[in-house]
Amino acid sequence: MTAKQHQRLDTLFAGDEHVDVETTWAVYQQMIAAYREPDRRYARQLMQAVIDSLSTGVPKALKELA
């Protein structure tokens with residue numbers, strides 16, 4: 001991402017009104033990182049970590065993620 005894009009995200013996520021979007025975006029980024037990982041074994045570990053975190057630590061307001 002460019003510096004301008006990072007700044008836009010920082011601005012968007014600075015307020016509490018977008019916490020749900022920020023959380024969903026972070027999970028999406030973790031999934032993308034797992035899919036892009038060239039080492040398949042490590043990619044599976046990354047994706048399993050995402051799945052585990054969604055299985056246990058999702059706030060009730062984000063039931064779509066669970």
# chains A, B, ... in the order shown; residues from 1 in each chain; ligands from 1
call {"tool": "residues_around", "arguments": {"residues": "stretch 46-52 of chain A", "least_positions_apart": "6", "cutoff": "9 Å", "atoms": "only C-alpha atoms", "output": "PDB file with C-alpha atoms, in the first residue's frame"}}
result
ATOM      1  CA  VAL A  27      -9.273 -10.692   9.389  1.00  0.00           C
ATOM      2  CA  GLN A  30      -4.813 -12.301   7.520  1.00  0.00           C
ATOM      3  CA  MET A  31      -6.695 -14.565   5.121  1.00  0.00           C
ATOM      4  CA  ALA A  33      -1.643 -13.374   3.677  1.00  0.00           C
ATOM      5  CA  ALA A  34      -2.350 -17.072   4.218  1.00  0.00           C
ATOM      6  CA  TYR A  35      -3.480 -17.567   0.614  1.00  0.00           C
ATOM      7  CA  GLU A  37       2.053 -17.672   1.399  1.00  0.00           C
ATOM      8  CA  ALA A  66     -18.036 -16.348  13.111  1.00  0.00           C
TER       9      ALA A  66
END
call {"tool": "select_by_dssp", "arguments": {"residues": "chain A", "states": "helix (DSSP H, G or I)", "output": "PyMOL selection string"}}
result
chain A and resi 3-12+16-36+40-56+60-62
call {"tool": "atom_distance", "arguments": {"atom1": "atom CA of A:Leu54", "atom2": "atom CA of A:Thr2"}}
result
28.8 Å
call {"tool": "atom_distance", "arguments": {"atom1": "atom CA of A:Thr56", "atom2": "atom CA of A:Asp16"}}
result
22.6 Å
call {"tool": "residues_around", "arguments": {"residues": "A:Leu9", "least_positions_apart": "5", "cutoff": "9 Å", "atoms": "only C-alpha atoms", "output": "ChimeraX atom specification"}}
result
/A:4,14,22
call {"tool": "write_last_selection", "arguments": {"atoms": "C-alpha atoms", "output": "PDB file, in the first residue's frame"}}
result
ATOM      1  CA  LYS A   4      -1.514   7.841   1.082  1.00  0.00           C
ATOM      2  CA  ALA A  14      -9.167   6.436  14.128  1.00  0.00           C
ATOM      3  CA  GLU A  22     -11.485  -2.433  11.059  1.00  0.00           C
TER       4      GLU A  22
END
call {"tool": "closest_residue", "arguments": {"among": "A:Gln29, A:Thr11, A:Gln5, A:Thr23", "to": "A:Gly57", "atoms": "only C-alpha atoms"}}
result
A:Thr23
